[in-house]
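One structure is given here, and the rest of the page talks about it.
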Amino acid sequence: MRRARRSLLAALAGAVLATSCSIETKDFDTLFGDDFSVDTLETAQSSRVYDRNGILITELRGDQNRTDIRYDEMPEVLINAVVAIEDERFWDHSGVDFKAILRAARSNVSAGGISQGGSTITQQYVGNVFLDRSDQTGSRKIEEIFMARRFEQRYTKEFILERYLNWVFFGRQAYGVEAAARTYFGPPTCQRQTDVSDDDDRNCLRVSELTLVEAATIAGLIQAPSRFNPFNNPEDARDRRNLVLLRMFANDFITEEEYQAALLQPIDLIENVPILEERYPAAHFVEDVKQWFLGNEAFGETRAQRTTLLFEGGLDIHTTIDLTLQAQAEAAVERVLPQVAADGSLNPDAAAVIQGVTDTDDGHIIAMVGGRDFFGGDDDAKFNLASGSGRQAGSSMKPIGLAAALQIGIPITRFYDATSPIEIENRPVCGPTWKVRGGTDGDRTLADSTKWSRNTVFAQLMVDISPSRFVDMAERLGIGEGRLQPVCAAILGTENTNMVELSTVYATFARNGVRVDPVMVTRIVNPDGTQLYQYAETSTQAVLNKTVNDQLTWALSTVMQGTGWRAALEDRPSAGKTGTAQNNADATFAGFTPQRSAAVWVGFPDEQIPMRTQFNGDKVEGGTFPALIWHELMTEAHQGMEVVSFPSPPASSTTTTLPEIPEEAEVPDLTGQEMTEEVVLALQDEPNYWIIQQVFVQTRSFEIGKVFNQIPQPGQIVPGGSVITVEIAVEPILPPVPSLVGLDEASAVQVLTNAEFAIEIVYQPNPDAGEAIIGSVWAQDPAAETPRDEVETVTIWVEPDPDSADEDGE
């Protein structure tokens, strides 16, 4: 036995001597030279999507599901479990455990080498990260030994464990201990709380909640993740866990009482759901967020780069969706329109969008129902009915035509022939003959025809305003550019639109004629805490002057006592419009309060199937299911909100308050002015009724808060009521002080330079570090996340190179 052991030692020594020279001449010095930092080795990390209250919605991951965490965030019980089973002398050796190597070499002597077993945690990390994993020769093993020893000379034990436990594979695409904890034992309890603040996102970790049994189970996976997978091989997983517990007891990490108690406990796992079948809330919305990111060149020049960043960049993506309201919205749809009708037939589907209109959520999509079940088996389950190509909105488009008419001076009290049917002949914009149904006897005003949705009246109005003006107004209110064709029937809703667009139009009415584009993402944070993206409301468009919008709002509020009576809210004023497509194949209701806007569509997703009997044996119209759903949604959306009234309606519904808008007017000079509410209202009022579109430009080149450019230019002669676009200088939005501790000096300087901070560097050893990382930042002042307006200079303390210091002294 002694002779065999001496032979093994001799073989090992010979291998070391034979490979040592070649190791020193390889790229080892390049890897661990003065310019090398392990921090530059990026690992793929899963990104996380949060709702507006900081609640985790889902993780976006590629082939590797990983969330890197710091050593001080890893619980002691997990560290002890891993050390006990993988490298029990980890805290004592210098990167290599020769006792373990000898034991492994003796057991593998029959294989003719020492390629299997005996590796320390440090060897496992450097061997797999820096060397060819497919090479199982003895020389590769010796190279691994040298690398491990050099690695431990350069980095602390704690740092090595941090890198290892964030890198190692645990099965089921889980890399690193945080991903493993979530994969096998579910999300952390703090992620289920609605009061998690944004600052706590990265601190809400499942790994910090691990029990002894859970930690031992995870540690046991490292050697063979597939074999010891507790979902697939529960008995093997339990045996391996028990072995980990035994090694923890043998190494005095746990008491005998704790050991015996843990042996009796089961491994309580989350539900075993295949990765491709995992479900999460607001899935249609999340899909839209992903497509928004992938289509935004600010996140990468190519789609491939953006895909890598989204699924492997470890981003925290904060969205506008409210998961509580989202669940209420989905429940409301199912309550009003269950998937299966009482007679056993399938009911039509529904889609809905709710947007915020207040200062804190202006333009935010706070709920989106894109269909019944994103994860269902239907071919169209993942198609978003709320934001896709859209369907016919019917008479919900009529307010667009009414807005265009009021804007050019057509009074809301103008009478039209409401007879049905009516034929409009010899009008070039509508063809030789356009036959329209849907009216009543005699003449009716535009106000009355809005309340009762008279098609024949709005068909004649379309002739007066022209299809091109209708399309222009639709696009300025919020319908996508190029979505509508300039045809006469567009005012009756024959062109496709979706609920995001329609809710944006009605949100424009809610905010007194000012459009704000819909928002899904408020900010995106990098893994190091710096901001990748911050939403800033850089452009608002005043589409309607206040007089026009007040009259429009009043007219739409009367709809709630007309065709939209089922939608009316009991406790606050509301306004809206019903919509029913041809043959009752699509039905909508869109409306608003001063605080919220919402749009609802009902129909069959596959094709336009007439809905003639689904509403209690009667046909489905905008005033039936869509109005009822809208009522439920908006009732939930206003819980806890104060009641806000609409502006006062016109003094009389039989007289017009709209003066004539001049055919020509001279553009005023607005440069250097501050666009206060009073100034804007004065410009939008008589005599010229200008429409002011404000574009906010982040710049320090002009006086902050003042107009520095306008289109059209001052002095030009244009039609009265035209749009004047003004560019207003605003302070650039700069991020707070970034987190720099742990970065190398060059990276920290680059981060601060990009953020336009002045930099002061102090080269001083860290008094609290045992084995410090040369060239790394170990302290900063001020602290991370300090507001930018309080800071001009950031000081960083960098660990100096002792050798460089000696040379300088000479």
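Going through the structure tokens in order, the chains are called A, B, and so on, while each chain numbers its residues from 1 and the ligands are numbered from 1 in the order shown.
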
Where does DSSP see strand (DSSP E or B) in range 325-520 of chain A, if you list the residues as a PyMOL selection string?
chain A and resi 340+346+349-356+364-369+391-392+415-417+422-427+431-436+443-445+496-497+514-515+519

Long-range neighbours of Thr183 in chain A as a VMD selection string, 12 Å cut-off, only C-alpha atoms, 5 positions minimum in chain:
chain A and resid 59 65 to 67 169 to 178 188 206 to 207 214 218 229 to 231 269 to 275 278

Can you pull out the residues contacting Gly313 in chain A? Cut-off 7 Å, using only C-alpha atoms, and skip same-chain residues under 6 positions away; I want them as a CSV table (one decimal) with N, CA and C atoms, in the first residue's frame.
chain,number,residue,atom,x,y,z
A,44,ALA,N,-24.1,35.3,-18.2
A,44,ALA,CA,-25.5,35.5,-18.6
A,44,ALA,C,-26.4,35.5,-17.4
A,45,GLN,N,-27.2,36.6,-17.2
A,45,GLN,CA,-28.1,36.7,-16.1
A,45,GLN,C,-29.5,36.9,-16.6
A,46,SER,N,-30.5,36.3,-15.9
A,46,SER,CA,-31.9,36.5,-16.3
A,46,SER,C,-32.3,37.9,-16.0
A,47,SER,N,-33.2,38.5,-16.8
A,47,SER,CA,-33.8,39.8,-16.6
A,47,SER,C,-35.1,39.6,-15.9

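You can rank A:Gln64, A:Thr580, A:Thr522, A:Thr419 by their closest distance to Gln460 in chain A using only C-alpha atoms, and at the top of that list sits A:Thr419.
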
Can you tell me which residues surround Ala555 in chain A at a distance of at most 8 Å, considering only C-alpha atoms, apart from same-chain residues fewer than 6 positions away, and format the answer as a PyMOL selection string?
chain A and resi 447+450-451

Selection to disk with C-alpha atoms, as an mmCIF file, in the first residue's frame:
data_model
loop_
_atom_site.group_PDB
_atom_site.id
_atom_site.type_symbol
_atom_site.label_atom_id
_atom_site.label_comp_id
_atom_site.auth_asym_id
_atom_site.auth_seq_id
_atom_site.Cartn_x
_atom_site.Cartn_y
_atom_site.Cartn_z
ATOM 1 C CA ALA A 447 -75.177 66.586 -29.777
ATOM 2 C CA THR A 450 -73.804 61.608 -30.468
ATOM 3 C CA LYS A 451 -75.965 60.555 -27.522
#

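Every residue of range 600-752 of chain A found in alpha helix (DSSP H) when DSSP is run on the backbone appears here: Phe625, Pro626, Ala627, Leu628, Ile629, Trp630, His631, Glu632, Leu633, Met634, Thr635, Glu636, Ala637, Glu677, Glu678, Val679, Val680, Leu681, Ala682, Leu683, Gln684, Glu745, Ala746, Ser747, Ala748, Val749, Gln750, Val751 and Leu752 of chain A.
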
Provide the CA of Val436 in chain A to CA of Trp630 in chain A distance in Å, to one decimal place.
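Value for the CA of Val436 in chain A-CA of Trp630 in chain A distance: 28.3 Å.
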
Neighbouring residues of Val357 in chain A were defined as those with any atom within 12 Å, considering only C-alpha atoms; residues of the same chain fewer than 6 positions away were excluded. Please report them as a PDB file with N, CA, C and O atoms, in the first residue's frame.
ATOM      1  N   GLY A 363     -50.628  58.474 -19.143  1.00  0.00           N
ATOM      2  CA  GLY A 363     -50.268  57.670 -20.295  1.00  0.00           C
ATOM      3  C   GLY A 363     -49.891  56.238 -19.965  1.00  0.00           C
ATOM      4  O   GLY A 363     -49.672  55.419 -20.870  1.00  0.00           O
ATOM      5  N   HIS A 364     -49.814  55.895 -18.677  1.00  0.00           N
ATOM      6  CA  HIS A 364     -49.402  54.555 -18.276  1.00  0.00           C
ATOM      7  C   HIS A 364     -50.501  53.539 -18.580  1.00  0.00           C
ATOM      8  O   HIS A 364     -51.664  53.741 -18.220  1.00  0.00           O
ATOM      9  N   ILE A 365     -50.137  52.455 -19.209  1.00  0.00           N
ATOM     10  CA  ILE A 365     -51.062  51.331 -19.367  1.00  0.00           C
ATOM     11  C   ILE A 365     -51.043  50.562 -18.054  1.00  0.00           C
ATOM     12  O   ILE A 365     -50.053  49.899 -17.722  1.00  0.00           O
ATOM     13  N   ILE A 366     -52.123  50.647 -17.308  1.00  0.00           N
ATOM     14  CA  ILE A 366     -52.137  50.047 -15.969  1.00  0.00           C
ATOM     15  C   ILE A 366     -52.873  48.712 -15.940  1.00  0.00           C
ATOM     16  O   ILE A 366     -52.797  47.973 -14.949  1.00  0.00           O
ATOM     17  N   SER A 503     -58.001  53.692 -26.480  1.00  0.00           N
ATOM     18  CA  SER A 503     -57.916  54.245 -25.119  1.00  0.00           C
ATOM     19  C   SER A 503     -57.039  55.493 -25.095  1.00  0.00           C
ATOM     20  O   SER A 503     -57.254  56.391 -24.275  1.00  0.00           O
ATOM     21  N   THR A 504     -56.063  55.589 -26.006  1.00  0.00           N
ATOM     22  CA  THR A 504     -55.233  56.786 -26.101  1.00  0.00           C
ATOM     23  C   THR A 504     -56.048  57.967 -26.615  1.00  0.00           C
ATOM     24  O   THR A 504     -55.908  59.101 -26.124  1.00  0.00           O
ATOM     25  N   VAL A 505     -56.904  57.725 -27.595  1.00  0.00           N
ATOM     26  CA  VAL A 505     -57.780  58.783 -28.116  1.00  0.00           C
ATOM     27  C   VAL A 505     -58.650  59.347 -26.998  1.00  0.00           C
ATOM     28  O   VAL A 505     -58.734  60.572 -26.804  1.00  0.00           O
ATOM     29  N   TYR A 506     -59.274  58.464 -26.238  1.00  0.00           N
ATOM     30  CA  TYR A 506     -60.188  58.919 -25.190  1.00  0.00           C
ATOM     31  C   TYR A 506     -59.428  59.494 -23.990  1.00  0.00           C
ATOM     32  O   TYR A 506     -59.960  60.344 -23.269  1.00  0.00           O
ATOM     33  N   ALA A 507     -58.179  59.058 -23.794  1.00  0.00           N
ATOM     34  CA  ALA A 507     -57.345  59.688 -22.764  1.00  0.00           C
ATOM     35  C   ALA A 507     -57.014  61.124 -23.158  1.00  0.00           C
ATOM     36  O   ALA A 507     -56.884  62.006 -22.295  1.00  0.00           O
ATOM     37  N   THR A 508     -56.871  61.378 -24.446  1.00  0.00           N
ATOM     38  CA  THR A 508     -56.638  62.747 -24.928  1.00  0.00           C
ATOM     39  C   THR A 508     -57.830  63.635 -24.585  1.00  0.00           C
ATOM     40  O   THR A 508     -57.662  64.784 -24.163  1.00  0.00           O
ATOM     41  N   PHE A 509     -59.034  63.111 -24.753  1.00  0.00           N
ATOM     42  CA  PHE A 509     -60.227  63.868 -24.347  1.00  0.00           C
ATOM     43  C   PHE A 509     -60.209  64.108 -22.828  1.00  0.00           C
ATOM     44  O   PHE A 509     -60.575  65.189 -22.354  1.00  0.00           O
ATOM     45  N   ALA A 510     -59.737  63.098 -22.077  1.00  0.00           N
ATOM     46  CA  ALA A 510     -59.756  63.200 -20.612  1.00  0.00           C
ATOM     47  C   ALA A 510     -58.812  64.270 -20.097  1.00  0.00           C
ATOM     48  O   ALA A 510     -59.078  64.886 -19.058  1.00  0.00           O
ATOM     49  N   ARG A 511     -57.713  64.506 -20.802  1.00  0.00           N
ATOM     50  CA  ARG A 511     -56.735  65.513 -20.330  1.00  0.00           C
ATOM     51  C   ARG A 511     -56.880  66.824 -21.111  1.00  0.00           C
ATOM     52  O   ARG A 511     -55.894  67.509 -21.397  1.00  0.00           O
ATOM     53  N   ASN A 512     -58.114  67.171 -21.432  1.00  0.00           N
ATOM     54  CA  ASN A 512     -58.433  68.474 -22.032  1.00  0.00           C
ATOM     55  C   ASN A 512     -57.796  68.675 -23.406  1.00  0.00           C
ATOM     56  O   ASN A 512     -57.339  69.758 -23.751  1.00  0.00           O
ATOM     57  N   GLY A 513     -57.776  67.602 -24.192  1.00  0.00           N
ATOM     58  CA  GLY A 513     -57.326  67.725 -25.568  1.00  0.00           C
ATOM     59  C   GLY A 513     -55.839  67.572 -25.778  1.00  0.00           C
ATOM     60  O   GLY A 513     -55.348  67.797 -26.885  1.00  0.00           O
ATOM     61  N   VAL A 514     -55.090  67.198 -24.751  1.00  0.00           N
ATOM     62  CA  VAL A 514     -53.640  67.029 -24.866  1.00  0.00           C
ATOM     63  C   VAL A 514     -53.324  65.537 -24.956  1.00  0.00           C
ATOM     64  O   VAL A 514     -53.724  64.755 -24.097  1.00  0.00           O
ATOM     65  N   ARG A 515     -52.573  65.150 -25.993  1.00  0.00           N
ATOM     66  CA  ARG A 515     -52.232  63.741 -26.164  1.00  0.00           C
ATOM     67  C   ARG A 515     -50.886  63.423 -25.529  1.00  0.00           C
ATOM     68  O   ARG A 515     -49.918  64.171 -25.686  1.00  0.00           O
ATOM     69  N   VAL A 516     -50.830  62.302 -24.835  1.00  0.00           N
ATOM     70  CA  VAL A 516     -49.591  61.722 -24.324  1.00  0.00           C
ATOM     71  C   VAL A 516     -49.540  60.293 -24.841  1.00  0.00           C
ATOM     72  O   VAL A 516     -50.505  59.537 -24.678  1.00  0.00           O
ATOM     73  N   ASP A 517     -48.453  59.923 -25.475  1.00  0.00           N
ATOM     74  CA  ASP A 517     -48.355  58.568 -26.022  1.00  0.00           C
ATOM     75  C   ASP A 517     -48.353  57.538 -24.900  1.00  0.00           C
ATOM     76  O   ASP A 517     -47.821  57.785 -23.816  1.00  0.00           O
ATOM     77  N   PRO A 518     -48.943  56.370 -25.151  1.00  0.00           N
ATOM     78  CA  PRO A 518     -49.017  55.342 -24.100  1.00  0.00           C
ATOM     79  C   PRO A 518     -47.641  54.842 -23.693  1.00  0.00           C
ATOM     80  O   PRO A 518     -46.703  54.779 -24.491  1.00  0.00           O
ATOM     81  N   VAL A 519     -47.522  54.488 -22.404  1.00  0.00           N
ATOM     82  CA  VAL A 519     -46.251  54.077 -21.808  1.00  0.00           C
ATOM     83  C   VAL A 519     -46.413  52.693 -21.186  1.00  0.00           C
ATOM     84  O   VAL A 519     -47.410  52.425 -20.511  1.00  0.00           O
ATOM     85  N   PHE A 592     -64.020  57.584 -20.639  1.00  0.00           N
ATOM     86  CA  PHE A 592     -63.036  58.187 -19.747  1.00  0.00           C
ATOM     87  C   PHE A 592     -63.707  58.917 -18.597  1.00  0.00           C
ATOM     88  O   PHE A 592     -64.905  59.235 -18.626  1.00  0.00           O
ATOM     89  N   THR A 593     -62.901  59.159 -17.575  1.00  0.00           N
ATOM     90  CA  THR A 593     -63.187  60.092 -16.487  1.00  0.00           C
ATOM     91  C   THR A 593     -62.000  61.068 -16.478  1.00  0.00           C
ATOM     92  O   THR A 593     -61.058  60.899 -17.261  1.00  0.00           O
ATOM     93  N   PRO A 594     -61.976  62.057 -15.610  1.00  0.00           N
ATOM     94  CA  PRO A 594     -60.786  62.914 -15.547  1.00  0.00           C
ATOM     95  C   PRO A 594     -59.517  62.200 -15.084  1.00  0.00           C
ATOM     96  O   PRO A 594     -58.433  62.767 -15.145  1.00  0.00           O
ATOM     97  N   GLN A 595     -59.637  60.925 -14.639  1.00  0.00           N
ATOM     98  CA  GLN A 595     -58.480  60.222 -14.087  1.00  0.00           C
ATOM     99  C   GLN A 595     -58.101  58.936 -14.810  1.00  0.00           C
ATOM    100  O   GLN A 595     -56.986  58.449 -14.677  1.00  0.00           O
ATOM    101  N   ARG A 596     -59.017  58.386 -15.583  1.00  0.00           N
ATOM    102  CA  ARG A 596     -58.770  57.111 -16.237  1.00  0.00           C
ATOM    103  C   ARG A 596     -59.432  57.095 -17.615  1.00  0.00           C
ATOM    104  O   ARG A 596     -60.459  57.736 -17.843  1.00  0.00           O
ATOM    105  N   SER A 597     -58.824  56.314 -18.523  1.00  0.00           N
ATOM    106  CA  SER A 597     -59.406  56.060 -19.829  1.00  0.00           C
ATOM    107  C   SER A 597     -59.389  54.556 -20.051  1.00  0.00           C
ATOM    108  O   SER A 597     -58.461  53.871 -19.615  1.00  0.00           O
ATOM    109  N   ALA A 598     -60.416  54.034 -20.722  1.00  0.00           N
ATOM    110  CA  ALA A 598     -60.460  52.592 -20.976  1.00  0.00           C
ATOM    111  C   ALA A 598     -61.205  52.325 -22.276  1.00  0.00           C
ATOM    112  O   ALA A 598     -62.105  53.071 -22.668  1.00  0.00           O
ATOM    113  N   ALA A 637     -60.963  50.426 -11.228  1.00  0.00           N
ATOM    114  CA  ALA A 637     -59.823  51.316 -11.467  1.00  0.00           C
ATOM    115  C   ALA A 637     -59.891  52.596 -10.647  1.00  0.00           C
ATOM    116  O   ALA A 637     -58.871  53.279 -10.475  1.00  0.00           O
ATOM    117  N   HIS A 638     -61.075  52.953 -10.138  1.00  0.00           N
ATOM    118  CA  HIS A 638     -61.219  54.193  -9.373  1.00  0.00           C
ATOM    119  C   HIS A 638     -61.334  53.963  -7.871  1.00  0.00           C
ATOM    120  O   HIS A 638     -61.611  54.908  -7.128  1.00  0.00           O
TER     121      HIS A 638
END

I'd like a table as a tab-separated table: residues in range 557-667 of chain A with an atom no more than 8 Å from range 323-329 of chain A, each row giving the shortest atom pair and its distance in Å to one decimal, only C-alpha atoms counted, sorted by chain and rising residue number.
residue	atom	partner	partner_atom	distance
A:Glu632	CA	A:Ala329	CA	7.8
A:Leu633	CA	A:Ala329	CA	5.6
A:Glu636	CA	A:Gln328	CA	7.0
A:Ala637	CA	A:Leu325	CA	6.7

Write a file of the selected residues as an mmCIF file, in the first residue's frame, keeping C-alpha atoms.
data_model
loop_
_atom_site.group_PDB
_atom_site.id
_atom_site.type_symbol
_atom_site.label_atom_id
_atom_site.label_comp_id
_atom_site.auth_asym_id
_atom_site.auth_seq_id
_atom_site.Cartn_x
_atom_site.Cartn_y
_atom_site.Cartn_z
ATOM 1 C CA GLU A 632 -66.747 46.854 -14.079
ATOM 2 C CA LEU A 633 -63.207 47.819 -15.108
ATOM 3 C CA GLU A 636 -62.270 48.823 -9.943
ATOM 4 C CA ALA A 637 -59.823 51.316 -11.467
#

Near range 683-694 of chain A, within 7 Å and counting only C-alpha atoms, which residues show up once chain neighbours fewer than 3 positions away are dropped, as a PyMOL selection string?
chain A and resi 539-545+661-662+665+679-680+720-727

Okay, now the selection with N, CA and C atoms, as a PDB file, in the first residue's frame?
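For reference, again17.pdb as written:
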ATOM      1  N   SER A 539     -42.624  64.727 -24.920  1.00  0.00           N
ATOM      2  CA  SER A 539     -43.462  65.360 -25.932  1.00  0.00           C
ATOM      3  C   SER A 539     -44.927  65.208 -25.571  1.00  0.00           C
ATOM      4  N   THR A 540     -45.629  66.317 -25.558  1.00  0.00           N
ATOM      5  CA  THR A 540     -47.087  66.302 -25.445  1.00  0.00           C
ATOM      6  C   THR A 540     -47.631  67.089 -26.625  1.00  0.00           C
ATOM      7  N   GLN A 541     -48.778  66.690 -27.079  1.00  0.00           N
ATOM      8  CA  GLN A 541     -49.364  67.366 -28.229  1.00  0.00           C
ATOM      9  C   GLN A 541     -50.745  67.871 -27.869  1.00  0.00           C
ATOM     10  N   ALA A 542     -50.910  69.192 -27.897  1.00  0.00           N
ATOM     11  CA  ALA A 542     -52.223  69.785 -27.676  1.00  0.00           C
ATOM     12  C   ALA A 542     -53.006  69.663 -28.981  1.00  0.00           C
ATOM     13  N   VAL A 543     -53.954  68.750 -28.999  1.00  0.00           N
ATOM     14  CA  VAL A 543     -54.687  68.451 -30.229  1.00  0.00           C
ATOM     15  C   VAL A 543     -55.927  69.320 -30.353  1.00  0.00           C
ATOM     16  N   LEU A 544     -56.630  69.521 -29.248  1.00  0.00           N
ATOM     17  CA  LEU A 544     -57.882  70.275 -29.255  1.00  0.00           C
ATOM     18  C   LEU A 544     -57.776  71.458 -28.308  1.00  0.00           C
ATOM     19  N   ASN A 545     -58.353  72.583 -28.713  1.00  0.00           N
ATOM     20  CA  ASN A 545     -58.387  73.689 -27.764  1.00  0.00           C
ATOM     21  C   ASN A 545     -59.439  73.408 -26.701  1.00  0.00           C
ATOM     22  N   ILE A 661     -63.250  80.441 -36.846  1.00  0.00           N
ATOM     23  CA  ILE A 661     -61.790  80.441 -36.882  1.00  0.00           C
ATOM     24  C   ILE A 661     -61.352  81.088 -38.186  1.00  0.00           C
ATOM     25  N   PRO A 662     -60.429  82.066 -38.157  1.00  0.00           N
ATOM     26  CA  PRO A 662     -60.032  82.775 -39.376  1.00  0.00           C
ATOM     27  C   PRO A 662     -59.354  81.853 -40.381  1.00  0.00           C
ATOM     28  N   ALA A 665     -53.932  83.580 -40.575  1.00  0.00           N
ATOM     29  CA  ALA A 665     -53.455  84.285 -39.397  1.00  0.00           C
ATOM     30  C   ALA A 665     -51.937  84.286 -39.408  1.00  0.00           C
ATOM     31  N   VAL A 679     -50.567  81.197 -20.758  1.00  0.00           N
ATOM     32  CA  VAL A 679     -50.112  81.542 -22.109  1.00  0.00           C
ATOM     33  C   VAL A 679     -50.704  80.581 -23.130  1.00  0.00           C
ATOM     34  N   VAL A 680     -50.653  79.292 -22.820  1.00  0.00           N
ATOM     35  CA  VAL A 680     -51.169  78.291 -23.760  1.00  0.00           C
ATOM     36  C   VAL A 680     -52.666  78.468 -23.972  1.00  0.00           C
ATOM     37  N   GLY A 720     -55.860  79.820 -39.560  1.00  0.00           N
ATOM     38  CA  GLY A 720     -56.148  79.879 -38.141  1.00  0.00           C
ATOM     39  C   GLY A 720     -56.418  78.489 -37.590  1.00  0.00           C
ATOM     40  N   GLY A 721     -56.086  78.286 -36.314  1.00  0.00           N
ATOM     41  CA  GLY A 721     -56.283  76.966 -35.709  1.00  0.00           C
ATOM     42  C   GLY A 721     -55.195  75.976 -36.046  1.00  0.00           C
ATOM     43  N   SER A 722     -54.104  76.412 -36.687  1.00  0.00           N
ATOM     44  CA  SER A 722     -53.015  75.506 -37.044  1.00  0.00           C
ATOM     45  C   SER A 722     -52.211  75.109 -35.806  1.00  0.00           C
ATOM     46  N   VAL A 723     -51.431  74.055 -35.987  1.00  0.00           N
ATOM     47  CA  VAL A 723     -50.559  73.577 -34.910  1.00  0.00           C
ATOM     48  C   VAL A 723     -49.260  74.376 -34.932  1.00  0.00           C
ATOM     49  N   ILE A 724     -48.855  74.899 -33.771  1.00  0.00           N
ATOM     50  CA  ILE A 724     -47.541  75.514 -33.601  1.00  0.00           C
ATOM     51  C   ILE A 724     -46.747  74.616 -32.661  1.00  0.00           C
ATOM     52  N   THR A 725     -45.674  74.041 -33.177  1.00  0.00           N
ATOM     53  CA  THR A 725     -44.817  73.175 -32.370  1.00  0.00           C
ATOM     54  C   THR A 725     -43.693  74.013 -31.774  1.00  0.00           C
ATOM     55  N   VAL A 726     -43.570  74.005 -30.464  1.00  0.00           N
ATOM     56  CA  VAL A 726     -42.524  74.771 -29.796  1.00  0.00           C
ATOM     57  C   VAL A 726     -41.584  73.806 -29.082  1.00  0.00           C
ATOM     58  N   GLU A 727     -40.283  74.061 -29.191  1.00  0.00           N
ATOM     59  CA  GLU A 727     -39.271  73.275 -28.498  1.00  0.00           C
ATOM     60  C   GLU A 727     -38.836  74.037 -27.251  1.00  0.00           C
TER      61      GLU A 727
END

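You can rank A:Gln153, A:Val741, A:Ala351, A:Thr440 by their closest distance to Ala332 in chain A using only C-alpha atoms, and at the top of that list sits A:Ala351.
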
Which polymer residues have any atom within 7 Å of an atom of Leu492 in chain A, counting only C-alpha atoms, with same-chain residues fewer than 2 positions away left out, as an MDAnalysis selection string?
chainID A and resid 394:395 397:398 455 489:490 494

For those residues, write C-alpha atoms to a file as a PDB file, in the first residue's frame.
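To be explicit, this is the file written out as again_39.pdb:
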ATOM      1  CA  GLY A 394     -67.825  50.983 -35.042  1.00  0.00           C
ATOM      2  CA  SER A 395     -69.328  54.188 -33.706  1.00  0.00           C
ATOM      3  CA  MET A 397     -64.774  56.392 -33.895  1.00  0.00           C
ATOM      4  CA  LYS A 398     -67.489  59.034 -34.259  1.00  0.00           C
ATOM      5  CA  ASN A 455     -75.156  56.931 -38.357  1.00  0.00           C
ATOM      6  CA  ALA A 489     -67.110  55.022 -43.870  1.00  0.00           C
ATOM      7  CA  ALA A 490     -64.153  55.464 -41.501  1.00  0.00           C
ATOM      8  CA  THR A 494     -65.067  50.401 -40.655  1.00  0.00           C
TER       9      THR A 494
END

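Interatomic distance, CA of Gln355 in chain A against CA of Asp288 in chain A: 15.3 Å.
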
Hey, can you check how far CA of Ala587 in chain A sits from CA of Leu461 in chain A?
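Interatomic distance here is 22.4 Å.
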